[in-house]
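Structure data (mmCIF, C-alpha atoms) from start_31.cif:
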```
data_work
#
loop_
_atom_site.label_atom_id
_atom_site.label_comp_id
_atom_site.auth_asym_id
_atom_site.auth_seq_id
_atom_site.Cartn_x
_atom_site.Cartn_y
_atom_site.Cartn_z
CA MET A 1 109.26 98.40 88.10
CA THR A 2 111.79 98.49 85.26
CA GLY A 3 112.68 102.04 84.22
CA LYS A 4 110.42 103.77 86.77
CA GLU A 5 111.43 106.67 88.99
CA TYR A 6 110.26 107.03 92.58
CA SER A 7 110.84 110.23 94.54
CA TYR A 8 109.55 109.09 97.94
CA VAL A 9 110.52 105.73 99.42
CA TYR A 10 109.48 104.06 102.71
CA VAL A 11 111.61 101.24 104.10
CA ASP A 12 111.37 98.94 107.10
CA GLY A 13 112.32 95.48 108.35
CA ILE A 14 109.83 92.88 109.58
CA TYR A 15 111.03 90.36 112.17
CA LEU A 16 109.52 86.88 112.03
CA ARG A 17 110.47 83.65 113.83
CA ARG A 18 112.00 80.58 112.27
CA ASN A 19 113.06 77.17 113.55
CA TRP A 20 116.61 76.39 112.46
CA GLY A 21 118.19 73.14 113.70
CA ASP A 22 115.79 72.93 116.64
CA GLU A 23 116.75 76.48 117.61
CA TYR A 24 114.50 79.50 117.26
CA GLU A 25 115.85 82.70 115.75
CA ASN A 26 114.64 85.79 113.93
CA VAL A 27 114.41 86.10 110.18
CA THR A 28 114.19 89.63 108.79
CA ILE A 29 112.17 90.59 105.72
CA LEU A 30 113.21 93.96 104.27
CA VAL A 31 110.38 95.82 102.56
CA ALA A 32 110.33 98.96 100.41
CA LEU A 33 107.29 100.95 99.30
CA ALA A 34 107.37 104.03 97.10
CA VAL A 35 105.29 106.74 95.50
CA ASN A 36 105.56 106.82 91.72
CA GLN A 37 105.51 109.88 89.46
CA ASP A 38 101.72 109.68 89.16
CA GLY A 39 101.30 109.90 92.93
CA PHE A 40 100.34 106.25 93.49
CA ARG A 41 101.89 103.96 96.08
CA GLU A 42 103.63 100.79 94.97
CA VAL A 43 105.26 97.86 96.73
CA ILE A 44 108.63 97.87 94.97
CA GLY A 45 110.44 95.04 96.72
CA ALA A 46 110.79 92.58 99.58
CA ALA A 47 113.74 90.34 100.35
CA GLU A 48 115.17 88.28 103.17
CA GLY A 49 117.92 89.88 105.20
CA MET A 50 119.92 88.07 107.87
CA LYS A 51 119.41 91.16 110.02
CA GLU A 52 118.98 94.91 109.62
CA ASP A 53 122.72 95.56 109.18
CA LYS A 54 124.47 97.62 106.52
CA SER A 55 125.33 94.62 104.36
CA SER A 56 121.72 93.42 104.21
CA TRP A 57 120.40 96.87 103.33
CA VAL A 58 123.12 97.52 100.73
CA ASN A 59 122.33 94.22 99.00
CA PHE A 60 118.62 95.01 99.13
CA PHE A 61 119.01 98.51 97.66
CA ARG A 62 121.38 97.32 94.94
CA TRP A 63 118.93 94.58 94.00
CA LEU A 64 116.22 97.22 93.60
CA CYS A 65 118.53 99.33 91.43
CA GLU A 66 119.29 96.33 89.22
CA ARG A 67 115.53 96.04 88.62
CA GLY A 68 115.35 99.64 87.36
CA PHE A 69 114.71 101.52 90.62
CA SER A 70 115.84 105.17 90.26
CA GLY A 71 115.02 108.83 90.94
CA VAL A 72 115.12 108.54 94.74
CA LYS A 73 115.03 111.94 96.43
CA PHE A 74 113.72 111.07 99.88
CA ILE A 75 113.81 107.98 102.11
CA VAL A 76 111.84 107.68 105.34
CA GLY A 77 112.41 105.04 107.98
CA ASP A 78 113.43 104.32 111.54
CA LYS A 79 116.89 105.28 112.78
CA CYS A 80 118.58 102.01 111.88
CA LEU A 81 122.30 102.68 111.53
CA GLY A 82 122.75 99.88 109.01
CA MET A 83 120.03 101.33 106.82
CA LEU A 84 121.39 104.86 107.10
CA GLU A 85 124.88 103.77 106.06
CA ALA A 86 123.42 101.83 103.13
CA VAL A 87 121.42 104.85 101.97
CA GLY A 88 124.57 106.96 101.99
CA GLU A 89 126.42 104.37 99.94
CA VAL A 90 123.77 103.45 97.36
CA PHE A 91 121.62 106.61 97.18
CA SER A 92 124.15 109.31 97.98
CA GLU A 93 121.91 112.13 96.72
CA ALA A 94 118.77 111.04 98.58
CA ARG A 95 117.62 112.84 101.73
CA TYR A 96 116.81 110.86 104.88
CA GLN A 97 113.77 111.49 107.07
CA ARG A 98 113.52 109.86 110.47
CA CYS A 99 109.95 108.81 111.17
CA THR A 100 108.54 111.30 113.68
CA VAL A 101 106.51 108.58 115.43
CA TYR A 102 109.64 106.51 116.06
CA PHE A 103 111.36 109.67 117.27
CA TYR A 104 108.56 110.34 119.76
CA ARG A 105 108.73 106.78 121.07
CA ASN A 106 112.46 107.10 121.59
CA VAL A 107 112.03 110.35 123.52
CA PHE A 108 109.18 108.93 125.63
CA SER A 109 111.47 106.10 126.76
CA VAL A 110 113.18 108.59 129.10
CA VAL A 111 110.11 110.64 130.08
CA PRO A 112 108.41 110.04 133.45
CA ARG A 113 104.85 108.81 132.98
CA SER A 114 103.48 111.84 134.84
CA LYS A 115 105.06 114.14 132.23
CA GLY A 116 104.11 112.10 129.15
CA LYS A 117 101.13 114.16 127.93
CA LEU A 118 102.93 117.45 128.44
CA VAL A 119 106.04 116.33 126.55
CA ALA A 120 103.86 114.91 123.76
CA LYS A 121 102.26 118.33 123.24
CA MET A 122 105.69 119.96 123.23
CA LEU A 123 107.05 117.59 120.57
CA LYS A 124 103.97 117.92 118.36
CA ALA A 125 104.32 121.70 118.54
CA ILE A 126 107.74 121.41 116.87
CA HIS A 127 106.32 119.57 113.86
CA ALA A 128 103.30 121.88 113.64
CA GLN A 129 105.43 124.83 112.55
CA GLU A 130 105.13 126.32 109.06
CA SER A 131 108.82 126.12 108.13
CA LYS A 132 112.00 124.28 109.03
CA LYS A 133 113.48 127.48 110.49
CA ALA A 134 110.47 127.94 112.78
CA ALA A 135 110.57 124.26 113.76
CA ARG A 136 114.24 124.52 114.72
CA GLU A 137 113.56 127.64 116.78
CA LYS A 138 110.65 125.92 118.52
CA ALA A 139 112.81 122.87 119.21
CA ALA A 140 115.52 125.02 120.79
CA ALA A 141 112.94 126.66 123.07
CA ILE A 142 111.53 123.28 124.06
CA VAL A 143 114.97 121.86 124.81
CA ALA A 144 115.54 124.79 127.18
CA GLU A 145 112.14 124.20 128.75
CA LEU A 146 112.85 120.48 129.24
CA GLN A 147 116.15 121.32 130.91
CA GLY A 148 114.28 123.69 133.22
CA MET A 149 111.95 120.80 134.08
CA LYS A 150 115.05 118.77 135.03
CA LEU A 151 114.41 116.34 132.16
CA LYS A 152 118.02 116.48 130.99
CA GLU A 153 118.05 113.13 129.17
CA THR A 154 114.84 114.03 127.35
CA ALA A 155 116.32 117.38 126.36
CA ARG A 156 119.46 115.65 125.10
CA LYS A 157 117.52 113.24 122.89
CA VAL A 158 115.47 116.05 121.38
CA SER A 159 118.51 118.27 120.81
CA GLU A 160 120.59 115.51 119.20
CA SER A 161 117.91 114.03 116.94
CA ILE A 162 115.32 116.66 116.09
CA ASP A 163 116.99 117.83 112.87
CA GLU A 164 116.76 114.43 111.18
CA THR A 165 112.97 114.54 111.70
CA LEU A 166 112.64 117.85 109.83
CA THR A 167 113.81 116.83 106.34
CA TYR A 168 110.24 116.76 105.04
CA TYR A 169 110.10 120.56 105.30
CA ASP A 170 112.37 120.74 102.22
CA PHE A 171 109.64 119.19 100.05
CA PRO A 172 106.20 120.45 98.92
CA SER A 173 104.00 121.37 101.89
CA GLU A 174 101.05 119.40 100.52
CA HIS A 175 103.13 116.22 100.98
CA TRP A 176 104.29 116.84 104.55
CA MET A 177 101.61 114.81 106.35
CA LYS A 178 102.34 111.77 104.19
CA ILE A 179 106.14 111.83 104.33
CA CYS A 180 106.97 112.83 107.90
CA THR A 181 106.24 109.33 109.23
CA ASN A 182 106.61 105.71 108.18
CA ASN A 183 102.91 105.04 108.86
CA THR A 184 102.31 103.89 105.28
CA ILE A 185 104.54 100.86 105.67
CA GLU A 186 103.76 100.37 109.37
CA ARG A 187 100.11 99.67 108.59
CA LEU A 188 101.17 96.99 106.13
CA ASN A 189 103.55 95.50 108.68
CA ARG A 190 100.79 95.20 111.27
CA GLU A 191 98.66 93.28 108.79
CA ILE A 192 101.60 91.01 107.97
CA TRP A 193 102.15 90.33 111.67
CA ARG A 194 98.46 89.50 112.10
CA ARG A 195 98.55 86.99 109.27
CA THR A 196 101.89 85.39 110.11
CA ARG A 197 101.04 85.01 113.79
CA VAL A 198 98.86 81.98 113.01
CA VAL A 199 101.90 80.27 111.47
CA GLY A 200 104.01 80.69 114.59
CA THR A 201 107.49 79.83 113.33
CA PHE A 202 108.69 79.30 109.77
CA PRO A 203 110.97 76.45 108.67
CA ASP A 204 113.25 78.90 106.82
CA GLY A 205 113.53 82.45 105.52
CA SER A 206 112.20 81.55 102.07
CA SER A 207 108.85 80.38 103.41
CA ALA A 208 108.52 83.56 105.49
CA LEU A 209 109.34 85.68 102.43
CA MET A 210 106.81 83.81 100.28
CA LEU A 211 103.98 84.48 102.73
CA VAL A 212 104.92 88.15 103.10
CA CYS A 213 105.12 88.61 99.33
CA ALA A 214 101.77 86.90 98.81
CA TRP A 215 100.15 89.39 101.17
CA LEU A 216 101.94 92.35 99.57
CA ARG A 217 100.76 91.27 96.10
CA TYR A 218 97.22 91.10 97.41
CA VAL A 219 97.44 94.57 98.94
CA ALA A 220 98.98 96.02 95.76
CA GLY A 221 95.95 94.83 93.81
CA THR A 222 93.46 96.70 96.04
CA GLN A 223 92.52 100.35 96.47
CA TRP A 224 95.54 100.74 98.77
CA GLY A 225 97.64 102.07 95.88
CA ASN A 226 95.46 105.17 95.63
#
```

For this file, produce the structure as structure tokens.
Amino acid sequence: MTGKEYSYVYVDGIYLRRNWGDEYENVTILVALAVNQDGFREVIGAAEGMKEDKSSWVNFFRWLCERGFSGVKFIVGDKCLGMLEAVGEVFSEARYQRCTVYFYRNVFSVVPRSKGKLVAKMLKAIHAQESKKAAREKAAAIVAELQGMKLKETARKVSESIDETLTYYDFPSEHWMKICTNNTIERLNREIWRRTRVVGTFPDGSSALMLVCAWLRYVAGTQWGN
């Protein structure tokens, strides 16, 4: 990775279980993937973090920078406050994109089941617009519609958070489908979960990290990078 620049970066934390002094607790593996200047995906780093707090993310990002990580313009991930604060501190010029899938899940948490399909169509209509301006206008109309449906908490969540899901509109339109969500890293995480499930609990964070890294190295050597 030394000396390479990566415009688009995907980050996430993977929670695994470990047995520490006869007590079970979570161990977090922080993972970063990126798209290089040639348009190929690369696994650029994985490290153990005590939890997804600001300190863990800052240390992780600084470690990447020490290895030659640069050129970051755009970071996509879940709305983890620790990660957001770390991005602002280490990559002050990078833009943040909240994964639209995570955003939908958060909104659905306050939507009655009977209204789920309707609200899903409304949210997707926002991100189907041809420009950020049009998306914002559509969002405002949908917020008003949700309020009219007496879904005030749903309307509040959309109103407060929609703008952080629209950052991708400021980048080339041919990239929008690939950078509006964190699906790239989520698929890897699901595979990691499937392979670590047979282990059950790890004796320490290092053993968990070793298994995760072994799988990431395998994936990086396949057609996945294309």

(Q) One number please: CA of Tyr104 in chain A to CA of Val76 in chain A, in Å, one decimal. (A)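 Distance reported for this atom pair: 15.0 Å.
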
Q) Residues around (104.4, 89.8, 101.8), cut-off 12 Å, counting all atoms listed in the file - what are they as a count of residues only? A) 39

Q: May I ask for the distance between CA of Glu85 in chain A and CA of Val58 in chain A, given in Å to one decimal place?
A: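 These two atoms are separated by 8.4 Å.
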
Q) Which residues fall under the PyMOL selection byres ((chain A and resi 54-56) around 10) in this file, as a ChimeraX atom specification? A) /A:28,30,47-53,57-61,80-87,89

Q. Any chance you could work out the residue set of the PyMOL selection byres ((chain A and resi 35) around 9) here, as JSON, numbers by chain?
A. {"A": [5, 6, 7, 8, 9, 10, 33, 34, 36, 37, 38, 39, 40, 41, 42, 43, 225]}

Q) Counting only C-alpha atoms, which of A:Cys65, A:Val119, A:Val11, A:Ile126 gets nearest to Ile179 in chain A? A)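 Distance minimum relative to Ile179 in chain A lands on A:Val11.
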
Skip Ser161 in chain A itself and residues of its chain fewer than 4 positions away, then list as an mmCIF file with C-alpha atoms, in the frame of the given file all residues within 10 Å of it, counting only C-alpha atoms.
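The resulting file, result_39.cif, is reproduced below:
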```
data_model
loop_
_atom_site.group_PDB
_atom_site.id
_atom_site.type_symbol
_atom_site.label_atom_id
_atom_site.label_comp_id
_atom_site.auth_asym_id
_atom_site.auth_seq_id
_atom_site.Cartn_x
_atom_site.Cartn_y
_atom_site.Cartn_z
ATOM 1 C CA LYS A 79 116.890 105.280 112.780
ATOM 2 C CA ARG A 98 113.520 109.860 110.470
ATOM 3 C CA PHE A 103 111.360 109.670 117.270
ATOM 4 C CA ASN A 106 112.460 107.100 121.590
ATOM 5 C CA VAL A 107 112.030 110.350 123.520
ATOM 6 C CA ARG A 156 119.460 115.650 125.100
ATOM 7 C CA LYS A 157 117.520 113.240 122.890
ATOM 8 C CA THR A 165 112.970 114.540 111.700
ATOM 9 C CA LEU A 166 112.640 117.850 109.830
#
```

(Q) Going by the chain IDs and residue numbers used in this file, which residues fall under the PyMOL selection byres ((chain A and resi 153-155) around 7)? Write them as a list in words. (A) Val107, Val110, Val111, Val143, Leu146, Gln147, Leu151, Lys152, Arg156, Lys157, Val158 and Ser159 of chain A

Q | Counting all atoms listed in the file, the option among A:Glu145, A:Lys117, A:Thr184, A:Ser173 closest to Glu130 in chain A | A |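 Of A:Glu145, A:Lys117, A:Thr184, A:Ser173, the one nearest Glu130 in chain A, counting all atoms listed in the file, is A:Ser173.
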
Q. What separation in Å, quoted to one decimal, exists between CA of Ser70 in chain A and CA of Tyr169 in chain A?
A.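 Separation of CA of Ser70 in chain A and CA of Tyr169 in chain A: 22.3 Å.
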
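The shortest atom-to-atom distance to Gln97 in chain A, with only C-alpha atoms taken into account, belongs to A:Tyr168 out of A:Tyr168, A:Leu123, A:Leu64, A:Ala139.
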
**Q.** Selected residue of minimal separation from Val101 in chain A among A:Val72, A:Ala120, A:Ala135, A:Ala141, counting all atoms listed in the file
**A.**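 Among the listed residues, A:Ala120 lies closest to Val101 in chain A.
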